[in-house]
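Data block for input_38.cif (mmCIF, C-alpha atoms):
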data_data
loop_
_atom_site.label_atom_id
_atom_site.label_comp_id
_atom_site.auth_asym_id
_atom_site.auth_seq_id
_atom_site.Cartn_x
_atom_site.Cartn_y
_atom_site.Cartn_z
CA MET A 410 0.00 0.00 0.00
CA PRO A 411 1.49 3.39 -0.97
CA LEU A 412 2.73 5.63 1.83
CA PRO A 413 0.60 8.79 2.19
CA ILE A 414 2.72 11.96 2.00
CA VAL A 415 1.77 15.49 3.06
CA ILE A 416 3.90 18.35 1.71
CA ASN A 417 4.12 21.54 3.76
CA GLY A 418 5.34 24.46 1.66
CA ALA A 419 3.94 22.63 -1.35
CA LEU A 420 4.29 25.51 -3.82
CA GLY A 421 7.77 26.63 -2.84
CA LYS A 422 10.73 25.72 -5.05
CA MET A 423 11.46 22.54 -3.10
CA GLY A 424 7.79 21.75 -2.51
CA ILE A 425 7.19 21.68 -6.26
CA GLU A 426 10.17 19.37 -6.81
CA ILE A 427 8.99 17.03 -4.04
CA GLY A 428 5.45 17.07 -5.40
CA ALA A 429 6.70 15.97 -8.82
CA VAL A 430 8.73 13.12 -7.30
CA VAL A 431 5.79 11.97 -5.14
CA LEU A 432 3.34 11.98 -8.06
CA ASP A 433 5.76 9.85 -10.13
CA ASP A 434 6.53 7.29 -7.39
CA ALA A 435 4.15 4.32 -7.16
CA ASN A 436 5.32 3.54 -3.62
CA VAL A 437 3.96 6.81 -2.20
CA GLU A 438 0.82 8.87 -2.74
CA LEU A 439 0.10 12.53 -2.20
CA HIS A 440 -2.30 12.87 0.73
CA ALA A 441 -2.32 16.68 1.06
CA ALA A 442 -0.50 19.77 -0.21
CA VAL A 443 -0.37 22.62 2.30
CA GLU A 444 0.63 26.23 1.76
CA ARG A 445 0.63 29.36 3.90
CA PRO A 446 -2.75 30.83 4.92
CA GLY A 447 -4.22 33.02 2.19
CA HIS A 448 -1.94 31.71 -0.55
CA PRO A 449 -3.28 32.97 -3.90
CA ARG A 450 -3.49 29.44 -5.35
CA ARG A 451 -5.29 27.83 -2.43
CA GLY A 452 -8.17 25.66 -3.61
CA GLU A 453 -6.60 25.00 -7.02
CA ASP A 454 -5.67 21.53 -8.24
CA TYR A 455 -2.13 20.87 -7.01
CA GLY A 456 -1.08 18.84 -10.04
CA ILE A 457 -2.00 21.68 -12.37
CA CYS A 458 -0.17 24.17 -10.12
CA ILE A 459 3.10 22.26 -10.51
CA GLY A 460 2.72 21.39 -14.18
CA LYS A 461 1.89 17.70 -13.71
CA GLY A 462 -1.73 17.76 -14.91
CA THR A 463 -4.87 17.21 -12.85
CA CYS A 464 -4.27 15.13 -9.70
CA GLY A 465 -7.62 15.69 -7.98
CA LEU A 466 -6.08 17.22 -4.85
CA LYS A 467 -6.60 20.87 -3.97
CA VAL A 468 -3.99 23.11 -2.35
CA ALA A 469 -4.92 23.65 1.32
CA ASP A 470 -3.93 26.67 3.39
CA SER A 471 -4.61 25.16 6.82
CA TRP A 472 -4.27 21.83 8.62
CA SER A 473 -7.97 21.68 9.46
CA GLY A 474 -9.52 18.45 8.23
CA ILE A 475 -6.21 16.82 7.26
CA ASP A 476 -5.79 13.40 8.89
CA CYS A 477 -2.04 13.05 9.56
CA GLU A 478 -1.94 9.93 11.73
CA LYS A 479 -0.78 7.46 9.06
CA THR A 480 1.12 9.93 6.91
CA VAL A 481 4.62 11.38 6.79
CA ILE A 482 4.83 15.16 6.50
CA ILE A 483 7.67 16.57 4.39
CA ASP A 484 8.25 20.17 5.44
CA PHE A 485 10.16 22.60 3.24
CA SER A 486 8.55 25.86 4.27
CA SER A 487 9.84 28.69 6.47
CA PRO A 488 11.14 28.76 10.06
CA GLN A 489 7.87 30.39 11.13
CA SER A 490 5.74 27.74 9.40
CA THR A 491 7.92 24.93 10.73
CA GLY A 492 7.57 26.35 14.25
CA LYS A 493 3.77 26.29 13.98
CA LEU A 494 3.87 22.78 12.54
CA LEU A 495 5.92 21.56 15.50
CA GLU A 496 3.28 22.97 17.84
CA LEU A 497 0.68 20.75 16.11
CA ALA A 498 2.87 17.72 15.64
CA GLN A 499 2.49 15.89 18.95
CA SER A 500 -1.27 16.23 19.26
CA ARG A 501 -1.80 15.20 15.62
CA LYS A 502 0.59 12.20 15.83
CA MET A 503 2.66 13.44 12.93
CA ARG A 504 5.84 11.97 11.49
CA LEU A 505 8.00 14.85 10.33
CA VAL A 506 10.76 15.15 7.74
CA ILE A 507 12.02 18.74 8.10
CA GLY A 508 14.22 20.22 5.40
CA THR A 509 13.48 23.89 6.07
CA THR A 510 16.66 25.95 6.28
CA GLY A 511 17.37 28.93 8.53
CA LEU A 512 15.85 27.22 11.57
CA SER A 513 16.47 28.98 14.87
CA ASP A 514 17.79 27.36 18.03
CA LYS A 515 14.21 27.62 19.33
CA ASN A 516 12.93 25.68 16.31
CA LEU A 517 15.55 22.96 16.77
CA ALA A 518 14.84 22.70 20.49
CA ALA A 519 11.13 22.31 19.69
CA ALA A 520 11.96 19.56 17.17
CA GLU A 521 14.04 17.70 19.76
CA LYS A 522 11.23 18.04 22.30
CA ALA A 523 8.64 16.74 19.84
CA ALA A 524 10.94 13.81 19.02
CA GLU A 525 10.40 12.47 22.53
CA ARG A 526 6.90 11.47 21.39
CA ILE A 527 6.98 11.27 17.59
CA PRO A 528 9.54 10.48 14.85
CA VAL A 529 11.27 13.67 13.65
CA LEU A 530 14.02 13.83 11.02
CA VAL A 531 15.82 17.14 10.53
CA SER A 532 18.43 17.78 7.86
CA PRO A 533 19.61 21.00 6.21
CA ASN A 534 20.16 19.03 3.01
CA MET A 535 18.54 15.77 1.95
CA SER A 536 20.80 14.75 -0.94
CA LEU A 537 22.95 11.61 -0.74
CA GLY A 538 26.00 13.46 -2.05
CA VAL A 539 25.81 16.26 0.50
CA ASN A 540 25.41 13.85 3.40
CA LEU A 541 28.50 11.98 2.22
CA LEU A 542 30.22 15.39 2.12
CA PHE A 543 29.29 15.82 5.79
CA ALA A 544 30.93 12.49 6.64
CA LEU A 545 34.05 13.20 4.57
CA THR A 546 34.40 16.65 6.13
CA GLU A 547 34.36 15.15 9.61
CA LEU A 548 37.00 12.60 8.62
CA ALA A 549 39.29 15.11 6.90
CA SER A 550 38.93 17.71 9.65
CA SER A 551 39.86 15.24 12.36
CA ARG A 552 43.03 14.28 10.47
CA LEU A 553 44.11 17.72 9.19
CA LYS A 554 42.98 20.20 11.86
CA ASN A 555 46.47 20.82 13.25
CA ASP A 556 48.27 21.46 9.95
CA PHE A 557 45.69 22.89 7.54
CA ASP A 558 43.55 26.02 7.49
CA ILE A 559 39.88 25.23 6.87
CA GLU A 560 37.53 27.47 4.86
CA ILE A 561 33.94 26.85 3.76
CA ILE A 562 32.60 28.50 0.59
CA GLU A 563 29.00 28.21 -0.55
CA ALA A 564 27.14 29.70 -3.53
CA HIS A 565 23.40 29.93 -4.21
CA HIS A 566 20.93 31.81 -6.37
CA ARG A 567 20.24 35.47 -5.74
CA PHE A 568 16.81 34.78 -4.20
CA LYS A 569 17.99 32.60 -1.32
CA LYS A 570 16.90 34.21 1.94
CA ASP A 571 19.44 32.83 4.43
CA ALA A 572 23.23 33.08 4.51
CA PRO A 573 25.18 31.03 5.18
CA SER A 574 23.07 28.18 3.85
CA GLY A 575 21.85 25.50 6.21
CA THR A 576 24.21 23.05 4.54
CA ALA A 577 27.20 25.37 4.99
CA ARG A 578 26.27 25.95 8.61
CA ARG A 579 26.12 22.18 9.18
CA LEU A 580 29.59 21.85 7.63
CA GLY A 581 30.77 24.58 9.99
CA GLU A 582 29.23 22.79 12.96
CA ILE A 583 31.06 19.59 12.00
CA VAL A 584 34.45 21.32 11.80
CA ALA A 585 33.81 23.33 14.98
CA ALA A 586 33.01 20.12 16.86
CA VAL A 587 36.30 18.61 15.69
CA TYR A 588 38.05 21.66 17.20
CA GLY A 589 36.02 21.20 20.38
CA LEU A 590 34.31 24.58 19.95
CA PRO A 591 30.73 25.80 19.54
CA TYR A 592 29.87 27.04 16.05
CA GLU A 593 29.82 30.71 17.07
CA LYS A 594 33.35 30.51 18.52
CA ALA A 595 34.94 28.76 15.55
CA ILE A 596 33.28 30.48 12.58
CA ARG A 597 34.30 33.79 11.03
CA ASN A 598 31.85 35.06 8.43
CA GLY A 599 33.85 36.69 5.65
CA ARG A 600 37.26 38.32 6.02
CA SER A 601 38.65 41.83 6.14
CA GLY A 602 41.67 43.50 7.71
CA ASN A 603 45.02 41.89 8.39
CA THR A 604 44.14 38.20 8.28
CA ALA A 605 47.73 37.09 8.83
CA ILE A 606 47.66 38.65 12.30
CA ASP A 607 43.99 38.22 13.17
CA ARG A 608 43.44 34.55 12.38
CA PRO A 609 43.50 32.09 15.31
CA LYS A 610 44.68 28.57 14.53
CA ASN A 611 41.24 27.01 15.03
CA GLU A 612 39.23 29.63 13.12
CA VAL A 613 37.05 28.48 10.22
CA GLY A 614 36.24 30.96 7.46
CA MET A 615 32.66 30.98 6.16
CA HIS A 616 31.94 32.64 2.81
CA ALA A 617 28.52 33.00 1.13
CA VAL A 618 28.08 33.89 -2.54
CA ARG A 619 24.67 34.91 -3.92
CA GLY A 620 23.93 35.41 -7.59
CA GLY A 621 22.00 34.36 -10.65
CA ASP A 622 20.31 30.95 -10.61
CA ILE A 623 23.00 28.85 -8.85
CA VAL A 624 21.19 25.84 -7.35
CA GLY A 625 23.83 25.11 -4.72
CA ASP A 626 27.62 24.72 -4.50
CA HIS A 627 29.48 23.82 -1.29
CA THR A 628 33.25 23.58 -0.93
CA VAL A 629 35.31 22.72 2.14
CA LEU A 630 38.89 23.88 1.54
CA PHE A 631 41.78 22.41 3.53
CA ALA A 632 44.79 24.62 2.80
CA GLY A 633 48.23 23.54 3.94
CA ILE A 634 51.74 24.73 3.12
CA GLY A 635 52.52 23.48 -0.37
CA GLU A 636 49.27 21.55 -0.83
CA ARG A 637 45.52 21.76 -0.48
CA ILE A 638 42.49 19.50 -0.53
CA GLU A 639 39.00 20.54 -1.67
CA LEU A 640 35.84 18.60 -0.90
CA ARG A 641 33.10 19.92 -3.17
CA HIS A 642 29.48 19.18 -3.96
CA SER A 643 27.56 20.88 -6.78
CA ALA A 644 23.82 20.51 -7.23
CA HIS A 645 22.71 20.89 -10.86
CA THR A 646 19.00 20.68 -9.99
CA ARG A 647 16.85 20.38 -6.86
CA THR A 648 15.71 16.89 -7.83
CA PRO A 649 18.34 15.01 -5.74
CA LEU A 650 17.14 16.88 -2.64
CA ALA A 651 13.52 15.99 -3.43
CA ARG A 652 14.35 12.32 -3.97
CA GLY A 653 16.31 12.28 -0.74
CA ALA A 654 13.38 13.81 1.14
CA VAL A 655 11.01 11.15 -0.18
CA ALA A 656 13.52 8.41 0.69
CA ALA A 657 13.74 9.88 4.20
CA ALA A 658 9.94 9.80 4.48
CA LYS A 659 9.84 6.12 3.51
CA TRP A 660 12.49 5.34 6.13
CA LEU A 661 10.81 7.41 8.85
CA ALA A 662 7.44 5.74 8.27
CA VAL A 663 8.60 2.61 10.12
CA GLN A 664 10.55 4.32 12.93
CA GLY A 665 9.50 4.97 16.50
CA PRO A 666 9.78 8.30 18.30
CA GLY A 667 13.25 9.84 18.04
CA TYR A 668 15.35 12.64 16.61
CA TYR A 669 16.92 11.49 13.36
CA SER A 670 19.11 12.78 10.52
CA MET A 671 20.04 11.62 7.04
CA LYS A 672 22.98 9.79 8.57
CA ASN A 673 20.44 7.40 10.09
CA VAL A 674 18.67 6.95 6.75
CA LEU A 675 21.94 6.25 4.91
CA GLY A 676 23.60 4.26 7.69
CA ILE A 677 26.76 6.40 7.74
#
Step by step, read the file and then write its structure as structure tokens.
Amino acid sequence: MPLPIVINGALGKMGIEIGAVVLDDANVELHAAVERPGHPRRGEDYGICIGKGTCGLKVADSWSGIDCEKTVIIDFSSPQSTGKLLELAQSRKMRLVIGTTGLSDKNLAAAEKAAERIPVLVSPNMSLGVNLLFALTELASSRLKNDFDIEIIEAHHRFKKDAPSGTARRLGEIVAAVYGLPYEKAIRNGRSGNTAIDRPKNEVGMHAVRGGDIVGDHTVLFAGIGERIELRHSAHTRTPLARGAVAAAKWLAVQGPGYYSMKNVLGI
């Protein structure tokens, strides 16, 4: 029997990609498509909205009347929308896959609290390649931290609202943890001034580029004396993220309460 999927943020860039993947996958079915209250396309056929033809399911702008108990919700919305969803999650017995970026510490704490009673998976990036990048960054950082300077460079389209990206921030958190420091202590956003004097040994540079229609590039640079290593992931489309989100939903459907990541899904 196909797994029922609910998409929150269904008409955002990622929501549209996820909707297309769900409608083409015989192992899942679209149960509901939710957008923000008052969205101009509320009540329209979702399939037509995303260019997939009539699917018989209208875009909703509230959770009223949506039975979530046997579904998995894939959330790619906004921090505000995710926060409200987490408030509903426990009472509605939801299973949540959260890919929203720019989440606050309050949002993450709410997700961890909800995970005491329901399955919650949070990841700033759902693609297989990026999650392997996370693992490789941890390995390389642990081996090279004493002899190499580490810089993180990310590039996205001009319309992206948050900087650094959630993926870049996660990379920064991984390196900071290797140094035994909190993210805020290890990361320096951009550079100016006399960097030869100012740079502590365990400082990690974070650089965000915004322009054009770049889907997403992330590079972790390990720069030594006479050599350097670059770990890089480039996304050509959003489809790998959408496929990863649907794969995460399938995995989460059979899990008990807990706070999960893509590392759990991929077994790495």
* Asked: Any idea what the distance is between CA of Ala442 (chain A) and CA of Thr648 (chain A)?
  ->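 That distance, rounded to one decimal, is 18.1 Å.
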* Explicit residues for the PyMOL selection byres ((chain A and resi 554-568) around 7) (as a PyMOL selection string) -> chain A and resi 550-553+569-570+577+613-633
Generate the output file for the selected residues, C-alpha atoms, as a PDB file, keeping the file's coordinate frame.
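Result written to part_22.pdb:
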ATOM      1  CA  SER A 550      38.930  17.710   9.650  1.00  0.00           C
ATOM      2  CA  SER A 551      39.860  15.240  12.360  1.00  0.00           C
ATOM      3  CA  ARG A 552      43.030  14.280  10.470  1.00  0.00           C
ATOM      4  CA  LEU A 553      44.110  17.720   9.190  1.00  0.00           C
ATOM      5  CA  LYS A 569      17.990  32.600  -1.320  1.00  0.00           C
ATOM      6  CA  LYS A 570      16.900  34.210   1.940  1.00  0.00           C
ATOM      7  CA  ALA A 577      27.200  25.370   4.990  1.00  0.00           C
ATOM      8  CA  VAL A 613      37.050  28.480  10.220  1.00  0.00           C
ATOM      9  CA  GLY A 614      36.240  30.960   7.460  1.00  0.00           C
ATOM     10  CA  MET A 615      32.660  30.980   6.160  1.00  0.00           C
ATOM     11  CA  HIS A 616      31.940  32.640   2.810  1.00  0.00           C
ATOM     12  CA  ALA A 617      28.520  33.000   1.130  1.00  0.00           C
ATOM     13  CA  VAL A 618      28.080  33.890  -2.540  1.00  0.00           C
ATOM     14  CA  ARG A 619      24.670  34.910  -3.920  1.00  0.00           C
ATOM     15  CA  GLY A 620      23.930  35.410  -7.590  1.00  0.00           C
ATOM     16  CA  GLY A 621      22.000  34.360 -10.650  1.00  0.00           C
ATOM     17  CA  ASP A 622      20.310  30.950 -10.610  1.00  0.00           C
ATOM     18  CA  ILE A 623      23.000  28.850  -8.850  1.00  0.00           C
ATOM     19  CA  VAL A 624      21.190  25.840  -7.350  1.00  0.00           C
ATOM     20  CA  GLY A 625      23.830  25.110  -4.720  1.00  0.00           C
ATOM     21  CA  ASP A 626      27.620  24.720  -4.500  1.00  0.00           C
ATOM     22  CA  HIS A 627      29.480  23.820  -1.290  1.00  0.00           C
ATOM     23  CA  THR A 628      33.250  23.580  -0.930  1.00  0.00           C
ATOM     24  CA  VAL A 629      35.310  22.720   2.140  1.00  0.00           C
ATOM     25  CA  LEU A 630      38.890  23.880   1.540  1.00  0.00           C
ATOM     26  CA  PHE A 631      41.780  22.410   3.530  1.00  0.00           C
ATOM     27  CA  ALA A 632      44.790  24.620   2.800  1.00  0.00           C
ATOM     28  CA  GLY A 633      48.230  23.540   3.940  1.00  0.00           C
TER      29      GLY A 633
END
* Asked: For Leu640 (chain A), which residue among A:Ala654, A:Ala518, A:Leu548, A:Val481 is the nearest when counting all atoms listed in the file?
  ->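 Once distances to Leu640 (chain A) are computed over all atoms listed in the file, the minimum belongs to A:Leu548.
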* **Nearby residues (all atoms listed in the file) at most 10 Å from region 461-470 of chain A, same-chain spacing under 6 positions excluded, as a PyMOL selection string** => chain A and resi 417-420+425+428-429+432-433+439-455
* So, counting only C-alpha atoms, which residue among A:Gly492, A:Gly602, A:Pro533, A:Pro666 is closest to Arg578 (chain A)? -> A:Pro533
* Write out as a count of residues only the residues lying within 10 Å of Pro413 (chain A), counting all atoms listed in the file and excluding same-chain residues fewer than 2 positions away. => 19
Selection in question (the file shown): the PyMOL selection byres ((chain A and resi 521) around 12). Which residues does it include, as a compact mmCIF listing (two decimals) with C-alpha atoms, in the frame of the given file?
# COMPACT_ATOMS: atom_id res chain seq x y z
CA LEU A 495 5.92 21.56 15.50
CA ALA A 498 2.87 17.72 15.64
CA GLN A 499 2.49 15.89 18.95
CA LEU A 505 8.00 14.85 10.33
CA ILE A 507 12.02 18.74 8.10
CA ASP A 514 17.79 27.36 18.03
CA LYS A 515 14.21 27.62 19.33
CA ASN A 516 12.93 25.68 16.31
CA LEU A 517 15.55 22.96 16.77
CA ALA A 518 14.84 22.70 20.49
CA ALA A 519 11.13 22.31 19.69
CA ALA A 520 11.96 19.56 17.17
CA LYS A 522 11.23 18.04 22.30
CA ALA A 523 8.64 16.74 19.84
CA ALA A 524 10.94 13.81 19.02
CA GLU A 525 10.40 12.47 22.53
CA ARG A 526 6.90 11.47 21.39
CA ILE A 527 6.98 11.27 17.59
CA PRO A 528 9.54 10.48 14.85
CA VAL A 529 11.27 13.67 13.65
CA LEU A 530 14.02 13.83 11.02
CA VAL A 531 15.82 17.14 10.53
CA PRO A 666 9.78 8.30 18.30
CA GLY A 667 13.25 9.84 18.04
CA TYR A 668 15.35 12.64 16.61
CA TYR A 669 16.92 11.49 13.36
CA SER A 670 19.11 12.78 10.52
* How far is it from CA of Leu542 (chain A) to CA of Gly508 (chain A), in Å with one decimal? -> 17.0 Å
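Taking CA of Ser486 (chain A) as the reference point, CA of Ser643 (chain A) is found at 22.5 Å.
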* **Exercise: Met423 (chain A) partners within 7 Å, all atoms listed in the file, chain neighbours under 2 positions left out, as a list in words** => Gly421, Ile425, Glu426, Ile427, Phe485, Arg647 and Ala651 of chain A
Could you write out that same residue set with C-alpha atoms as a JSON list (two decimals), in the frame of the given file?
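Output file again36.json is given in full below:
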[["chain", "number", "residue", "atom", "x", "y", "z"],
["A", 421, "GLY", "CA", 7.77, 26.63, -2.84],
["A", 425, "ILE", "CA", 7.19, 21.68, -6.26],
["A", 426, "GLU", "CA", 10.17, 19.37, -6.81],
["A", 427, "ILE", "CA", 8.99, 17.03, -4.04],
["A", 485, "PHE", "CA", 10.16, 22.60, 3.24],
["A", 647, "ARG", "CA", 16.85, 20.38, -6.86],
["A", 651, "ALA", "CA", 13.52, 15.99, -3.43]]
* Hey, which of A:Met671, A:Leu512, A:Val430, A:Ile475 ends up closest to Asn540 (chain A)? Count only C-alpha atoms. ->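 Checking each of A:Met671, A:Leu512, A:Val430, A:Ile475 against Asn540 (chain A), counting only C-alpha atoms, the winner is A:Met671.
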Let me know the centre plus edge lengths, in Å and rounded to one decimal, of a box with edges along x, y and z that contains all listed atoms of region 486-490 of chain A and is padded by 6 Å on every side, as AutoDock Vina command-line options.
--center_x 8.4 --center_y 28.1 --center_z 7.7 --size_x 17.4 --size_y 16.5 --size_z 18.9
